[in-house]
Every structure is written in structure tokens, then in C-alpha cells.
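Data block for input06.pdb (PDB, C-alpha atoms):
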```pdb
ATOM      1  CA  MET A   1     116.293  77.123  86.082  1.00  0.00           C
ATOM      2  CA  ILE A   2     117.361  74.427  83.672  1.00  0.00           C
ATOM      3  CA  ALA A   3     120.787  72.995  83.067  1.00  0.00           C
ATOM      4  CA  MET A   4     121.808  72.061  79.564  1.00  0.00           C
ATOM      5  CA  SER A   5     123.850  68.949  79.005  1.00  0.00           C
ATOM      6  CA  SER A   6     126.995  69.468  76.990  1.00  0.00           C
ATOM      7  CA  LEU A   7     126.610  68.905  73.283  1.00  0.00           C
ATOM      8  CA  SER A   8     129.296  66.286  72.667  1.00  0.00           C
ATOM      9  CA  ALA A   9     130.353  63.339  74.779  1.00  0.00           C
ATOM     10  CA  ASN A  10     133.486  63.557  76.907  1.00  0.00           C
ATOM     11  CA  GLN A  11     134.226  67.178  76.107  1.00  0.00           C
ATOM     12  CA  GLY A  12     132.667  68.695  79.202  1.00  0.00           C
ATOM     13  CA  PRO A  13     130.805  71.990  79.165  1.00  0.00           C
ATOM     14  CA  ARG A  14     132.715  73.535  76.282  1.00  0.00           C
ATOM     15  CA  TYR A  15     130.791  75.078  73.466  1.00  0.00           C
ATOM     16  CA  ARG A  16     132.412  75.589  70.116  1.00  0.00           C
ATOM     17  CA  HIS A  17     130.854  77.581  67.353  1.00  0.00           C
ATOM     18  CA  ALA A  18     132.440  77.696  63.916  1.00  0.00           C
ATOM     19  CA  SER A  19     131.583  81.087  62.482  1.00  0.00           C
ATOM     20  CA  ASP A  20     133.350  84.329  61.759  1.00  0.00           C
ATOM     21  CA  ALA A  21     133.548  86.011  65.166  1.00  0.00           C
ATOM     22  CA  GLY A  22     133.925  89.433  63.566  1.00  0.00           C
ATOM     23  CA  ALA A  23     130.901  89.162  61.292  1.00  0.00           C
ATOM     24  CA  PRO A  24     127.903  91.350  62.135  1.00  0.00           C
ATOM     25  CA  PHE A  25     124.815  89.763  63.634  1.00  0.00           C
ATOM     26  CA  GLU A  26     121.880  89.844  61.222  1.00  0.00           C
ATOM     27  CA  THR A  27     118.796  88.754  63.211  1.00  0.00           C
ATOM     28  CA  ILE A  28     119.575  89.795  66.803  1.00  0.00           C
ATOM     29  CA  THR A  29     121.174  92.776  68.501  1.00  0.00           C
ATOM     30  CA  ILE A  30     124.197  92.446  70.784  1.00  0.00           C
ATOM     31  CA  ASP A  31     125.145  94.905  73.522  1.00  0.00           C
ATOM     32  CA  LYS A  32     128.446  93.808  75.059  1.00  0.00           C
ATOM     33  CA  LEU A  33     128.446  94.377  78.827  1.00  0.00           C
ATOM     34  CA  THR A  34     132.233  94.258  79.290  1.00  0.00           C
ATOM     35  CA  PRO A  35     135.122  93.815  76.879  1.00  0.00           C
ATOM     36  CA  VAL A  36     135.684  90.276  78.180  1.00  0.00           C
ATOM     37  CA  ILE A  37     132.422  88.616  79.240  1.00  0.00           C
ATOM     38  CA  GLY A  38     128.681  89.097  78.968  1.00  0.00           C
ATOM     39  CA  ALA A  39     126.280  90.497  76.395  1.00  0.00           C
ATOM     40  CA  GLU A  40     122.641  91.469  76.291  1.00  0.00           C
ATOM     41  CA  ILE A  41     120.770  90.103  73.300  1.00  0.00           C
ATOM     42  CA  GLY A  42     117.747  91.843  71.835  1.00  0.00           C
ATOM     43  CA  GLY A  43     115.439  91.507  68.875  1.00  0.00           C
ATOM     44  CA  VAL A  44     114.313  87.963  69.625  1.00  0.00           C
ATOM     45  CA  ASP A  45     111.269  86.362  71.247  1.00  0.00           C
ATOM     46  CA  LEU A  46     112.600  83.287  73.056  1.00  0.00           C
ATOM     47  CA  ALA A  47     109.145  81.716  72.936  1.00  0.00           C
ATOM     48  CA  ASN A  48     109.545  81.341  69.180  1.00  0.00           C
ATOM     49  CA  PRO A  49     113.076  82.033  67.889  1.00  0.00           C
ATOM     50  CA  SER A  50     113.859  81.292  64.251  1.00  0.00           C
ATOM     51  CA  ASN A  51     116.578  78.808  63.330  1.00  0.00           C
ATOM     52  CA  ARG A  52     118.776  81.693  62.151  1.00  0.00           C
ATOM     53  CA  GLN A  53     118.249  83.544  65.436  1.00  0.00           C
ATOM     54  CA  MET A  54     119.228  80.385  67.317  1.00  0.00           C
ATOM     55  CA  ASP A  55     122.401  80.116  65.224  1.00  0.00           C
ATOM     56  CA  GLU A  56     123.264  83.671  66.203  1.00  0.00           C
ATOM     57  CA  ILE A  57     122.365  83.089  69.872  1.00  0.00           C
ATOM     58  CA  HIS A  58     124.704  80.068  69.887  1.00  0.00           C
ATOM     59  CA  ARG A  59     127.435  82.239  68.394  1.00  0.00           C
ATOM     60  CA  ALA A  60     126.776  85.035  70.922  1.00  0.00           C
ATOM     61  CA  LEU A  61     127.075  82.522  73.777  1.00  0.00           C
ATOM     62  CA  ALA A  62     130.362  81.159  72.405  1.00  0.00           C
ATOM     63  CA  GLU A  63     131.783  84.673  71.986  1.00  0.00           C
ATOM     64  CA  ASN A  64     130.495  86.220  75.238  1.00  0.00           C
ATOM     65  CA  LEU A  65     130.235  83.254  77.654  1.00  0.00           C
ATOM     66  CA  VAL A  66     127.210  84.759  79.441  1.00  0.00           C
ATOM     67  CA  ILE A  67     124.162  86.145  77.640  1.00  0.00           C
ATOM     68  CA  PHE A  68     121.093  87.991  78.905  1.00  0.00           C
ATOM     69  CA  PHE A  69     117.649  88.553  77.413  1.00  0.00           C
ATOM     70  CA  ARG A  70     115.280  91.204  78.784  1.00  0.00           C
ATOM     71  CA  ASP A  71     111.495  91.339  78.800  1.00  0.00           C
ATOM     72  CA  GLN A  72     110.804  87.739  77.824  1.00  0.00           C
ATOM     73  CA  SER A  73     107.537  85.994  78.620  1.00  0.00           C
ATOM     74  CA  LEU A  74     107.902  82.206  78.616  1.00  0.00           C
ATOM     75  CA  THR A  75     105.777  79.343  79.799  1.00  0.00           C
ATOM     76  CA  GLN A  76     107.586  76.456  81.472  1.00  0.00           C
ATOM     77  CA  ASP A  77     107.299  74.428  78.268  1.00  0.00           C
ATOM     78  CA  GLN A  78     108.744  77.293  76.188  1.00  0.00           C
ATOM     79  CA  HIS A  79     111.589  77.674  78.687  1.00  0.00           C
ATOM     80  CA  LEU A  80     112.387  73.969  78.340  1.00  0.00           C
ATOM     81  CA  ASP A  81     112.040  74.072  74.538  1.00  0.00           C
ATOM     82  CA  PHE A  82     114.522  76.959  74.379  1.00  0.00           C
ATOM     83  CA  GLY A  83     116.982  74.992  76.524  1.00  0.00           C
ATOM     84  CA  ARG A  84     116.657  71.954  74.276  1.00  0.00           C
ATOM     85  CA  ARG A  85     117.857  74.091  71.361  1.00  0.00           C
ATOM     86  CA  PHE A  86     121.309  73.791  73.000  1.00  0.00           C
ATOM     87  CA  GLY A  87     121.139  70.028  73.523  1.00  0.00           C
ATOM     88  CA  PRO A  88     119.668  67.484  75.952  1.00  0.00           C
ATOM     89  CA  LEU A  89     118.632  68.883  79.325  1.00  0.00           C
ATOM     90  CA  HIS A  90     120.261  67.764  82.547  1.00  0.00           C
ATOM     91  CA  ILE A  91     118.157  66.473  85.452  1.00  0.00           C
ATOM     92  CA  HIS A  92     119.639  67.479  88.789  1.00  0.00           C
ATOM     93  CA  PRO A  93     119.964  64.432  91.048  1.00  0.00           C
ATOM     94  CA  ALA A  94     118.895  66.159  94.286  1.00  0.00           C
ATOM     95  CA  ALA A  95     117.285  69.559  93.642  1.00  0.00           C
ATOM     96  CA  PRO A  96     113.551  70.205  93.910  1.00  0.00           C
ATOM     97  CA  THR A  97     111.857  70.146  90.530  1.00  0.00           C
ATOM     98  CA  GLU A  98     108.571  71.225  89.068  1.00  0.00           C
ATOM     99  CA  PRO A  99     106.005  68.388  89.055  1.00  0.00           C
ATOM    100  CA  GLY A 100     105.884  66.879  85.574  1.00  0.00           C
ATOM    101  CA  HIS A 101     109.067  68.697  84.513  1.00  0.00           C
ATOM    102  CA  PRO A 102     112.084  66.991  86.134  1.00  0.00           C
ATOM    103  CA  GLU A 103     114.446  69.128  84.005  1.00  0.00           C
ATOM    104  CA  LEU A 104     113.111  72.315  85.620  1.00  0.00           C
ATOM    105  CA  MET A 105     114.636  73.216  88.980  1.00  0.00           C
ATOM    106  CA  ILE A 106     112.558  75.711  90.926  1.00  0.00           C
ATOM    107  CA  ILE A 107     114.362  78.448  92.882  1.00  0.00           C
ATOM    108  CA  ARG A 108     112.129  80.801  94.847  1.00  0.00           C
ATOM    109  CA  ALA A 109     112.869  83.483  97.392  1.00  0.00           C
ATOM    110  CA  ASP A 110     110.970  86.500  98.651  1.00  0.00           C
ATOM    111  CA  LYS A 111     111.288  89.038 101.463  1.00  0.00           C
ATOM    112  CA  ASP A 112     110.222  86.402 104.038  1.00  0.00           C
ATOM    113  CA  SER A 113     112.632  83.653 102.922  1.00  0.00           C
ATOM    114  CA  PRO A 114     115.232  82.705 105.554  1.00  0.00           C
ATOM    115  CA  ARG A 115     117.909  82.757 102.841  1.00  0.00           C
ATOM    116  CA  ALA A 116     118.019  84.084  99.313  1.00  0.00           C
ATOM    117  CA  ASN A 117     118.537  81.157  96.982  1.00  0.00           C
ATOM    118  CA  GLY A 118     120.481  82.379  94.016  1.00  0.00           C
ATOM    119  CA  GLU A 119     122.851  84.733  95.836  1.00  0.00           C
ATOM    120  CA  GLY A 120     126.381  83.698  95.005  1.00  0.00           C
ATOM    121  CA  TRP A 121     124.966  81.993  91.923  1.00  0.00           C
ATOM    122  CA  HIS A 122     126.702  78.942  90.474  1.00  0.00           C
ATOM    123  CA  SER A 123     125.709  76.031  88.284  1.00  0.00           C
ATOM    124  CA  ASP A 124     125.513  72.802  90.232  1.00  0.00           C
ATOM    125  CA  VAL A 125     126.949  69.413  89.315  1.00  0.00           C
ATOM    126  CA  SER A 126     130.158  70.798  87.816  1.00  0.00           C
ATOM    127  CA  CYS A 127     131.757  67.723  89.411  1.00  0.00           C
ATOM    128  CA  ASP A 128     129.848  65.370  87.069  1.00  0.00           C
ATOM    129  CA  LEU A 129     131.922  63.417  84.563  1.00  0.00           C
ATOM    130  CA  GLU A 130     130.090  65.381  81.864  1.00  0.00           C
ATOM    131  CA  PRO A 131     128.860  68.586  83.544  1.00  0.00           C
ATOM    132  CA  PRO A 132     126.100  70.701  82.016  1.00  0.00           C
ATOM    133  CA  LEU A 133     127.006  73.229  79.334  1.00  0.00           C
ATOM    134  CA  GLY A 134     125.353  75.958  81.366  1.00  0.00           C
ATOM    135  CA  SER A 135     122.201  77.119  83.071  1.00  0.00           C
ATOM    136  CA  ILE A 136     119.243  79.131  81.849  1.00  0.00           C
ATOM    137  CA  LEU A 137     117.587  81.191  84.556  1.00  0.00           C
ATOM    138  CA  TYR A 138     114.172  82.749  84.045  1.00  0.00           C
TER
END
```

Go ahead and render the structure in this file as C-alpha cells.
Amino acid sequence: MIAMSSLSANQGPRYRHASDAGAPFETITIDKLTPVIGAEIGGVDLANPSNRQMDEIHRALAENLVIFFRDQSLTQDQHLDFGRRFGPLHIHPAAPTEPGHPELMIIRADKDSPRANGEGWHSDVSCDLEPPLGSILY
């Protein structure tokens, strides 16, 4: 999991995208999950998205607040590179991280784990003066 720092100073985790919200998407597909929040995005390989696809992903995030991508195969570096396309990455002050990748918080659970990390999901550090824009879970 990585947390993305907000894109502009002192504006918190808001994300503004200046495009025509009613315009059709040209390089990705959008399947809205509810009328209010959430969409599944298709037609993109997150390991190597084009600049135009990233523009449309940014717009989809602004319009839907939560976005999902299925069947992606990313290395840790590709995961981090995708996150950086939204802005600087946040380093959690106390969470366990992947060696060599302080921006990458590792969350693991299996059938033998005493608790399931990730249940009741939330993004940490929302109390920071400038909290992260969001989280990208893989």
C-alpha cells in the first residue's frame, strides 16, 4: 500500500480535475459501481499507462472518489511509479515498510494471522497537517 501526498500545499487531500465531467472517456473504460461513489476502470495496463490514460484516470478519480483496476500485474517499482503519477508519495511515520522502499507499507494477512489487517480499511495519517490524497492498495 502506498499513500499519495496531496498535490498542492495547504489544500489537504482534495483533488481537483478541470475537464468536462460529461465527456466520454477515450482511452479507458469506466463501469460505475454506484450512482454516487466508485468505478472500475479497464483498458489500461498500470505498469505502463500512457499520459492520456493517466489524464483520464485522474479525471475518473475526481469524478468517482474510489477507483478499482482488475487483473493488474505490478512490480513494487511499478506500483510506486504509478503512485508518483499523482504526486509525491507519503512515508508513514510508524508503519512497517518494505526494505529499500520506505514509501511502500506492507500489509499481509493469511488464514493463520491473529487479525486480518485491512478489515475496516482506512487511510492512516488523516490527522496530518497535509494528509495524503489517498491510498493505492495492490

Nearest to A:Gln76 among A:Leu129, A:Ala39, A:Leu104, A:Ile91, with distances taken over all atoms listed in the file: which residue is it?
A:Leu104

Selection near A:Ile30, 7 Å with all atoms listed in the file, sequence-local residues under 2 positions removed, as a count of residues only:
6

Residues in the PyMOL selection byres ((chain A and resi 108) around 12), expressed as a list in words:
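Answer for the PyMOL selection byres ((chain A and resi 108) around 12): Met1, Pro96, Thr97, Glu98, Met105, Ile106, Ile107, Ala109, Asp110, Lys111, Asp112, Ser113, Pro114, Arg115, Ala116, Asn117, Gly118, Glu119, Leu137 and Tyr138 of chain A.
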
A:Val66: which residues within 8 Å, counting all atoms listed in the file, same-chain residues fewer than 5 positions away excluded, as a list in words?
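In the requested form, the answer reads Ile37, Gly38, Ala39 and Leu61 of chain A.
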
Close residues, A:Thr29 itself excluded, 12 Å, all atoms listed in the file, min 5 positions apart in chain, as a PyMOL selection string:
chain A and resi 24+39-44+53+56-57+60+67-70

State, in Å with one decimal place, the distance from atom CA of A:Thr27 to atom CA of A:Leu80.
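Between atom CA of A:Thr27 and atom CA of A:Leu80 the gap works out to 22.1 Å.
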
Between atom CA of A:Ala94 and atom CA of A:Ala62, measure the distance and give it in Å to one decimal.
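Spanning atom CA of A:Ala94 to atom CA of A:Ala62 is a straight-line distance of 28.9 Å.
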
A:Asp124, A:Gly22, A:Phe82, A:Ala95 ranked by distance to A:Ile136, top pick (using all atoms listed in the file)
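Closest candidate: A:Phe82.
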
Selected residue, from A:Ala23, A:Leu133, A:Leu89, A:Leu33, that lies nearest to A:Glu103 when counting all atoms listed in the file:
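Counting all atoms listed in the file, the residue closest to A:Glu103 is A:Leu89.
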
Nearest to A:Asp45 among A:His101, A:His90, A:His79, A:His58, with distances taken over all atoms listed in the file: which residue is it?
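Between A:His101, A:His90, A:His79, A:His58, the residue approaching A:Asp45 most closely is A:His79.
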
Just how far from atom CA of A:Met54 is atom CA of A:Arg84, in Å to one decimal?
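Between atom CA of A:Arg84 and atom CA of A:Met54 the gap is 11.2 Å.
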